[in-house]
Amino acid sequence: MLEVKNLHVQVDDKEILKGMDITVAPGEVHSIMGPNGSGKSTLAQVLAGKEAYEVTEGEVTFQGKDLLDLEPEERACEGIFLAFQYPVEIPGVANTYLLREALNAKREYRDEKPLKHVEFAKLAREKMKTLGIDEDLLKRSVNAGFSGGEKKRNEIFQMQILEPALAVLDETDSGLDIDALKIVANGVNSMRDSGRSFIVITHYQRLLNYIVPDFVHVMVDGKIVRSGGKELAHELEEKGYAEF
Amino acid sequence: MAIVFDGTRESYVGGLSEFLDSGQKDVPEWVTALRREAISGFAKLGFPTLSDEEWRFTNLEALRRGSFSIAENGISGVSEKSVDSCGFPGLDCLRLVFVNGRFATSLSDAGDAGEGILVKSLSEAISEHGDLVREHLARYADYEKDAFISLNTSYFEDGIFVYVPDGTVLEKPVHVLHVSTDEGSPLFINPRNLIIVGQSSVAKVIEHYVAASQSVYFSNAVTEVVCGENANLEHYRLEFESRKAFNFSTLRVNQQKNSNIASHSILCGGAIVRNNVHPVLAGEGCNSDIYGLFISEGRQHMDNFMRVEHASPHCDSRQFYNGVLDGRSKGVFHGRILVHEGAEKTDAKQTNRNLLLSDTAQIDTKPQLEIYNDDVKCTHGATIGQMDEEALFYLRSRGISMRQAKIIMLRAFTGETLEHMSIDSVREALEGVVMKWFEQRLQNGKRG
């Protein structure tokens, strides 16, 4: 699914990722944990194609394609989804409009017919129900005036609609109360299958009680310093990142 | 012989006698007297200069150097078909067409406006309803203090006259189409419009300015609106003049008790454009909503001058102006809110947001609050920025192309003002125009 090899990335001449390696097979859930400033979010943004980040070395292959060659929108259409740590507010653009445009862009990319209004509305309603999202949220401007929890839930809602092959969740759990956390986790778990992979970036082990990962990686100073199974998360919870 | 104005103050003042002799013989004496009196304003003021505080961002040197003349010929070269193409699909409206400031009867269809309602050309109204016109014409737009109002009052030929008596609803919107044509030499055109909405009456008027060709001319429109007690008016000013035109316009509104106006100004054409919007909330409990959208490119210059005057207690005013500027164009937003003594509980709000699409576009935005009273709530805010890169990336990360993401962002930005239009077909037509304009900008390339 995804192979990141010796990835070096800098922003404003400062190197943030310093030889990052990770391989994610179809159906796997990987968790990346690490202290603030270790480069977790940078990895997420680089995978989504943020231009401010300059790749100076290494390669990223996604489903056999050179990911770094693709524009952000092409990556999305190929099946990458980033749940933003800080979802952007876009006043004046209705949530439903963004979603339909996004879904239809993806369908067009795959030479599929665009979804009609009615079909889209039906799909959206179904997904909203499972996430406990108000229908009202569809009409509101993208993230504008949303609470922190609403923003994160909205990211998961978008993920459910767009059905990516690889979803990268960048601290989607931060700032959530336990109920919202469960909703987010259910949203992810309900999508787990043998063909879909997740990279769950988090600061806290708490989320991993609800989304149980296959692998846990510890990221410090721009690279993975240790990898293990889900038990590694518990160890980190007890000992912290000090030993790294 | 055409009357030629060579740009000097003397020519505009001196040309009046010739103008009065040439085509204004059948008009009532009071109109002639008004014209003579009105020119005194321009004689005293001349064209404003940069040292004039209200004109400090708009240089009129080119206008002062320009030579203009009043059209000799009547209506020519404007076909029914071209007029139809300026219509709004599906909109059932009354249509009055003016070509170079003169009424084009054959292109107009004022139909049956309704019992007691008058929708006709101002020149007809002057001869048929002289007393009614006289009671209001030039009573609000101050020709002594404003050079352009002075010129218009002296030299106007025609425009729209709308009268809605008390307690009456004008069911259909009035579409007033002002067309400018190329007559070989630069024209001086002075459309004059008068709209009177009686007590508890309702009307919608769309002033629409278009050019049949991209020629040089000096267009100077003045619209006076009287909004009676509890009356409701929605006014549109859609400016799509020639890209070489000097284009000045004033909307002067007098609002009586509990009246409500919504004003929409869309500026798109013109080389040097100045749009004055000046409501006076004269009676208690009035509401003024003033929306504007200006889009400019190349070397266009667009000056939006607001003067919202609160003269009575308990009045609300809202100004929402958005600008989109590309190329080397320049924009000005001058938002003055004047709260008179005694206008307690005034609630005035002003917002001006500007989106710069190029590094060379420029905007000067200047709020100005003048408050002679303690018990008021006045707020203002202005923003200037580029298209939000974070938002563009967010949209792209969802699979939306860069081009489409930009279109979505622009639609959202312009929608902030357009969405307040109550006539859907007008709003949709304008959304289409704005999108076409923007797609051309995108095609022109540099921001791929």
# chains A, B, ... in the order shown; residues from 1 in each chain; ligands from 1
>>> residues_around(residues="A:Asp221", least_positions_apart="2", cutoff="7 Å", atoms="only C-alpha atoms", output="PDB file with C-alpha atoms, in the first residue's frame")
ATOM      1  CA  SER A  38       9.113  14.930  16.355  1.00  0.00           C
ATOM      2  CA  GLY A  39       7.757  15.388  12.817  1.00  0.00           C
ATOM      3  CA  MET A 219       8.903   8.741  16.180  1.00  0.00           C
ATOM      4  CA  LYS A 223      12.531   9.264  12.283  1.00  0.00           C
TER       5      LYS A 223
END
>>> residues_around(residues="A:Leu17", least_positions_apart="4", cutoff="8 Å", atoms="only C-alpha atoms", output="PyMOL selection string")
chain A and resi 7-10+39+42-43+221-223
>>> select_by_dssp(residues="stretch 62-269 of chain B", states="helix (DSSP H, G or I)", output="PyMOL selection string")
chain B and resi 62-65+80-84+105-107+122-128+130-136+147-155
>>> select_by_dssp(residues="stretch 182-237 of chain A", states="strand (DSSP E)", output="list in words")
Ser197, Phe198, Ile199, Val200, Ile201, Thr202, Phe215, Val216, His217, Val218, Met219, Val220, Lys223, Ile224, Val225, Arg226, Ser227 and Gly228 of chain A
>>> write_last_selection(atoms="C-alpha atoms", output="short mmCIF file (atom, residue, chain, number, x, y, z; two decimals), in the first residue's frame")
data_model
loop_
_atom_site.label_atom_id
_atom_site.label_comp_id
_atom_site.auth_asym_id
_atom_site.auth_seq_id
_atom_site.Cartn_x
_atom_site.Cartn_y
_atom_site.Cartn_z
CA SER A 197 -5.11 0.95 5.72
CA PHE A 198 -4.79 3.59 8.41
CA ILE A 199 -1.98 5.62 9.87
CA VAL A 200 -3.14 6.96 13.20
CA ILE A 201 -0.93 9.73 14.50
CA THR A 202 -1.48 10.43 18.14
CA PHE A 215 1.75 -1.77 14.69
CA VAL A 216 2.98 1.04 16.88
CA HIS A 217 5.93 3.21 15.89
CA VAL A 218 7.76 5.66 18.03
CA MET A 219 8.90 8.74 16.18
CA VAL A 220 11.56 10.98 17.62
CA LYS A 223 12.53 9.26 12.28
CA ILE A 224 11.11 6.04 13.62
CA VAL A 225 13.22 4.91 16.54
CA ARG A 226 11.26 1.89 17.60
CA SER A 227 8.47 -0.25 16.26
CA GLY A 228 6.38 -2.93 17.87
#
>>> interface_residues(of="chain A", to="chain B", cutoff="8 Å", atoms="only C-alpha atoms", output="MDAnalysis selection string")
chainID A and resid 48:50 72:77 81:82 87:93 98 101:103 105:106
>>> write_last_selection(atoms="N, CA and C atoms", output="PDB file, in the first residue's frame")
ATOM      1  N   ALA A  48       0.041  14.173   2.153  1.00  0.00           N
ATOM      2  CA  ALA A  48      -1.096  14.806   1.478  1.00  0.00           C
ATOM      3  C   ALA A  48      -0.645  15.749   0.370  1.00  0.00           C
ATOM      4  N   GLY A  49       0.640  16.126   0.386  1.00  0.00           N
ATOM      5  CA  GLY A  49       1.160  16.923  -0.725  1.00  0.00           C
ATOM      6  C   GLY A  49       1.324  18.403  -0.458  1.00  0.00           C
ATOM      7  N   LYS A  50       1.451  18.772   0.780  1.00  0.00           N
ATOM      8  CA  LYS A  50       1.619  20.191   1.121  1.00  0.00           C
ATOM      9  C   LYS A  50       2.914  20.724   0.512  1.00  0.00           C
ATOM     10  N   PRO A  72      -1.608  17.312  -4.856  1.00  0.00           N
ATOM     11  CA  PRO A  72      -2.448  16.918  -3.717  1.00  0.00           C
ATOM     12  C   PRO A  72      -3.786  16.312  -4.155  1.00  0.00           C
ATOM     13  N   GLU A  73      -4.410  16.921  -5.171  1.00  0.00           N
ATOM     14  CA  GLU A  73      -5.724  16.414  -5.595  1.00  0.00           C
ATOM     15  C   GLU A  73      -5.614  15.048  -6.253  1.00  0.00           C
ATOM     16  N   GLU A  74      -4.477  14.796  -6.922  1.00  0.00           N
ATOM     17  CA  GLU A  74      -4.277  13.474  -7.527  1.00  0.00           C
ATOM     18  C   GLU A  74      -4.076  12.410  -6.447  1.00  0.00           C
ATOM     19  N   ARG A  75      -3.360  12.794  -5.420  1.00  0.00           N
ATOM     20  CA  ARG A  75      -3.157  11.847  -4.316  1.00  0.00           C
ATOM     21  C   ARG A  75      -4.496  11.470  -3.699  1.00  0.00           C
ATOM     22  N   ALA A  76      -5.345  12.504  -3.514  1.00  0.00           N
ATOM     23  CA  ALA A  76      -6.663  12.232  -2.924  1.00  0.00           C
ATOM     24  C   ALA A  76      -7.460  11.302  -3.827  1.00  0.00           C
ATOM     25  N   CYS A  77      -7.387  11.578  -5.120  1.00  0.00           N
ATOM     26  CA  CYS A  77      -8.146  10.742  -6.050  1.00  0.00           C
ATOM     27  C   CYS A  77      -7.573   9.326  -6.124  1.00  0.00           C
ATOM     28  N   PHE A  81      -6.269   9.958   2.125  1.00  0.00           N
ATOM     29  CA  PHE A  81      -7.088  10.936   2.844  1.00  0.00           C
ATOM     30  C   PHE A  81      -6.364  11.355   4.097  1.00  0.00           C
ATOM     31  N   LEU A  82      -6.286  12.668   4.300  1.00  0.00           N
ATOM     32  CA  LEU A  82      -5.695  13.176   5.539  1.00  0.00           C
ATOM     33  C   LEU A  82      -6.788  13.817   6.383  1.00  0.00           C
ATOM     34  N   PRO A  87      -8.497  21.259  11.120  1.00  0.00           N
ATOM     35  CA  PRO A  87      -9.302  21.417   9.898  1.00  0.00           C
ATOM     36  C   PRO A  87      -9.535  22.900   9.593  1.00  0.00           C
ATOM     37  N   VAL A  88      -9.448  23.240   8.320  1.00  0.00           N
ATOM     38  CA  VAL A  88      -9.491  24.641   7.914  1.00  0.00           C
ATOM     39  C   VAL A  88     -10.944  25.128   7.802  1.00  0.00           C
ATOM     40  N   GLU A  89     -11.176  26.323   8.296  1.00  0.00           N
ATOM     41  CA  GLU A  89     -12.511  26.920   8.165  1.00  0.00           C
ATOM     42  C   GLU A  89     -12.641  27.607   6.808  1.00  0.00           C
ATOM     43  N   ILE A  90     -13.695  27.319   6.102  1.00  0.00           N
ATOM     44  CA  ILE A  90     -13.904  27.969   4.806  1.00  0.00           C
ATOM     45  C   ILE A  90     -15.295  28.590   4.771  1.00  0.00           C
ATOM     46  N   PRO A  91     -15.405  29.836   5.214  1.00  0.00           N
ATOM     47  CA  PRO A  91     -16.709  30.491   5.235  1.00  0.00           C
ATOM     48  C   PRO A  91     -17.280  30.604   3.818  1.00  0.00           C
ATOM     49  N   GLY A  92     -18.562  30.409   3.707  1.00  0.00           N
ATOM     50  CA  GLY A  92     -19.215  30.602   2.412  1.00  0.00           C
ATOM     51  C   GLY A  92     -19.251  29.359   1.543  1.00  0.00           C
ATOM     52  N   VAL A  93     -18.536  28.302   1.949  1.00  0.00           N
ATOM     53  CA  VAL A  93     -18.585  27.053   1.180  1.00  0.00           C
ATOM     54  C   VAL A  93     -19.312  26.014   2.041  1.00  0.00           C
ATOM     55  N   LEU A  98     -18.766  21.070  -0.631  1.00  0.00           N
ATOM     56  CA  LEU A  98     -17.387  20.570  -0.656  1.00  0.00           C
ATOM     57  C   LEU A  98     -17.368  19.050  -0.851  1.00  0.00           C
ATOM     58  N   GLU A 101     -18.489  17.952  -4.367  1.00  0.00           N
ATOM     59  CA  GLU A 101     -17.430  18.273  -5.322  1.00  0.00           C
ATOM     60  C   GLU A 101     -16.283  17.277  -5.203  1.00  0.00           C
ATOM     61  N   ALA A 102     -15.915  16.986  -3.955  1.00  0.00           N
ATOM     62  CA  ALA A 102     -14.782  16.098  -3.698  1.00  0.00           C
ATOM     63  C   ALA A 102     -15.085  14.687  -4.188  1.00  0.00           C
ATOM     64  N   LEU A 103     -16.265  14.221  -3.822  1.00  0.00           N
ATOM     65  CA  LEU A 103     -16.626  12.854  -4.208  1.00  0.00           C
ATOM     66  C   LEU A 103     -16.709  12.735  -5.729  1.00  0.00           C
ATOM     67  N   ALA A 105     -15.210  14.615  -7.934  1.00  0.00           N
ATOM     68  CA  ALA A 105     -13.872  14.744  -8.524  1.00  0.00           C
ATOM     69  C   ALA A 105     -13.195  13.370  -8.526  1.00  0.00           C
ATOM     70  N   LYS A 106     -13.367  12.677  -7.426  1.00  0.00           N
ATOM     71  CA  LYS A 106     -12.774  11.351  -7.301  1.00  0.00           C
ATOM     72  C   LYS A 106     -13.416  10.368  -8.292  1.00  0.00           C
TER      73      LYS A 106
END
>>> residues_around(residues="stretch 205-210 of chain A", least_positions_apart="6", cutoff="7 Å", atoms="only C-alpha atoms", output="list in words")
Asp173, Lys182, Ala185, Ala233, His234 and Glu237 of chain A
>>> write_last_selection(atoms="C-alpha atoms", output="tab-separated table (two decimals), in the first residue's frame")
chain	number	residue	atom	x	y	z
A	173	ASP	CA	-8.22	12.48	19.06
A	182	LYS	CA	-15.75	6.89	20.75
A	185	ALA	CA	-13.09	5.53	16.79
A	233	ALA	CA	1.66	1.88	23.22
A	234	HIS	CA	1.04	0.77	26.80
A	237	GLU	CA	2.01	5.37	28.33
>>> residues_around(residues="B:Phe294", least_positions_apart="2", cutoff="12 Å", atoms="only C-alpha atoms", output="number ranges by chain")
B: 237-240, 264-270, 273-275, 291-292, 296-297, 300-304, 320-326, 329-333, 352-356, 363, 413-414, 417-418, 430, 434, 437
>>> closest_residue(among="A:Ile161, A:Ala121, A:Leu232, A:Val184", to="A:Lys139", atoms="only C-alpha atoms")
A:Ala121
>>> residues_around(residues="stretch 315-318 of chain B", least_positions_apart="2", cutoff="10 Å", atoms="only C-alpha atoms", output="PyMOL selection string")
chain B and resi 257-262+279+281-291+308-313+320-321+337+343-351+376-380
>>> closest_residue(among="A:Lys40, A:Thr130, A:Phe84, A:Glu119", to="A:Glu155", atoms="only C-alpha atoms")
A:Phe84
>>> closest_residue(among="A:Ala94, A:Glu243, A:Leu131, A:Phe62", to="A:Gly149", atoms="only C-alpha atoms")
A:Leu131
>>> atom_distance(atom1="atom CA of A:Ile178", atom2="atom CA of A:Gln45")
26.4 Å
>>> closest_residue(among="B:Gln386, B:Ser213, B:Thr8, B:Gln362", to="B:Val179", atoms="only C-alpha atoms")
B:Ser213
>>> residues_around(residues="B:Asp21", least_positions_apart="5", cutoff="12 Å", atoms="only C-alpha atoms", output="ChimeraX atom specification")
/B:1,3,15-16,26-27,32
>>> write_last_selection(atoms="all heavy atoms", output="PDB file, in the first residue's frame")
ATOM      1  N   MET B   1     -24.433  71.284 -34.722  1.00  0.00           N
ATOM      2  CA  MET B   1     -23.130  71.313 -34.036  1.00  0.00           C
ATOM      3  C   MET B   1     -23.239  70.679 -32.648  1.00  0.00           C
ATOM      4  O   MET B   1     -24.118  71.004 -31.866  1.00  0.00           O
ATOM      5  CB  MET B   1     -22.663  72.779 -33.876  1.00  0.00           C
ATOM      6  CG  MET B   1     -21.834  73.305 -35.024  1.00  0.00           C
ATOM      7  SD  MET B   1     -20.150  72.708 -34.946  1.00  0.00           S
ATOM      8  CE  MET B   1     -19.498  73.695 -33.600  1.00  0.00           C
ATOM      9  N   ILE B   3     -22.219  70.011 -28.861  1.00  0.00           N
ATOM     10  CA  ILE B   3     -21.657  70.836 -27.789  1.00  0.00           C
ATOM     11  C   ILE B   3     -20.447  70.090 -27.238  1.00  0.00           C
ATOM     12  O   ILE B   3     -20.566  68.956 -26.785  1.00  0.00           O
ATOM     13  CB  ILE B   3     -22.680  71.045 -26.664  1.00  0.00           C
ATOM     14  CG1 ILE B   3     -23.986  71.567 -27.257  1.00  0.00           C
ATOM     15  CG2 ILE B   3     -22.128  71.979 -25.614  1.00  0.00           C
ATOM     16  CD1 ILE B   3     -25.161  71.460 -26.308  1.00  0.00           C
ATOM     17  N   GLY B  15     -20.937  75.820 -21.510  1.00  0.00           N
ATOM     18  CA  GLY B  15     -21.693  75.023 -22.479  1.00  0.00           C
ATOM     19  C   GLY B  15     -23.175  74.947 -22.178  1.00  0.00           C
ATOM     20  O   GLY B  15     -23.982  74.568 -23.035  1.00  0.00           O
ATOM     21  N   LEU B  16     -23.564  75.337 -20.985  1.00  0.00           N
ATOM     22  CA  LEU B  16     -24.962  75.152 -20.585  1.00  0.00           C
ATOM     23  C   LEU B  16     -25.944  75.952 -21.449  1.00  0.00           C
ATOM     24  O   LEU B  16     -26.996  75.425 -21.832  1.00  0.00           O
ATOM     25  CB  LEU B  16     -25.145  75.491 -19.096  1.00  0.00           C
ATOM     26  CG  LEU B  16     -26.557  75.247 -18.556  1.00  0.00           C
ATOM     27  CD1 LEU B  16     -26.953  73.778 -18.673  1.00  0.00           C
ATOM     28  CD2 LEU B  16     -26.689  75.708 -17.101  1.00  0.00           C
ATOM     29  N   ASP B  26     -38.584  72.619 -25.114  1.00  0.00           N
ATOM     30  CA  ASP B  26     -39.949  72.262 -24.738  1.00  0.00           C
ATOM     31  C   ASP B  26     -40.116  71.993 -23.245  1.00  0.00           C
ATOM     32  O   ASP B  26     -41.210  71.704 -22.787  1.00  0.00           O
ATOM     33  CB  ASP B  26     -40.393  71.007 -25.514  1.00  0.00           C
ATOM     34  CG  ASP B  26     -40.298  71.238 -27.005  1.00  0.00           C
ATOM     35  OD1 ASP B  26     -40.466  72.408 -27.405  1.00  0.00           O
ATOM     36  OD2 ASP B  26     -40.047  70.272 -27.754  1.00  0.00           O
ATOM     37  N   VAL B  27     -39.032  72.055 -22.527  1.00  0.00           N
ATOM     38  CA  VAL B  27     -39.156  71.694 -21.113  1.00  0.00           C
ATOM     39  C   VAL B  27     -39.676  72.883 -20.300  1.00  0.00           C
ATOM     40  O   VAL B  27     -39.483  74.041 -20.671  1.00  0.00           O
ATOM     41  CB  VAL B  27     -37.808  71.207 -20.524  1.00  0.00           C
ATOM     42  CG1 VAL B  27     -37.301  70.005 -21.283  1.00  0.00           C
ATOM     43  CG2 VAL B  27     -36.787  72.324 -20.519  1.00  0.00           C
ATOM     44  N   THR B  32     -35.462  74.429 -16.547  1.00  0.00           N
ATOM     45  CA  THR B  32     -34.379  75.276 -17.058  1.00  0.00           C
ATOM     46  C   THR B  32     -33.750  76.079 -15.915  1.00  0.00           C
ATOM     47  O   THR B  32     -32.523  76.190 -15.813  1.00  0.00           O
ATOM     48  CB  THR B  32     -34.920  76.216 -18.152  1.00  0.00           C
ATOM     49  OG1 THR B  32     -35.587  75.410 -19.125  1.00  0.00           O
ATOM     50  CG2 THR B  32     -33.806  77.005 -18.794  1.00  0.00           C
TER      51      THR B  32
END
>>> closest_residue(among="B:Asp146, B:Glu171, B:Glu135, B:Asp109", to="B:Trp30", atoms="only C-alpha atoms")
B:Glu135
>>> residues_around(residues="stretch 102-108 of chain B", least_positions_apart="6", cutoff="7 Å", atoms="only C-alpha atoms", output="list in words")
Ile75, Glu80, Arg95, Leu96, Ser121, Glu157 and Asp158 of chain B
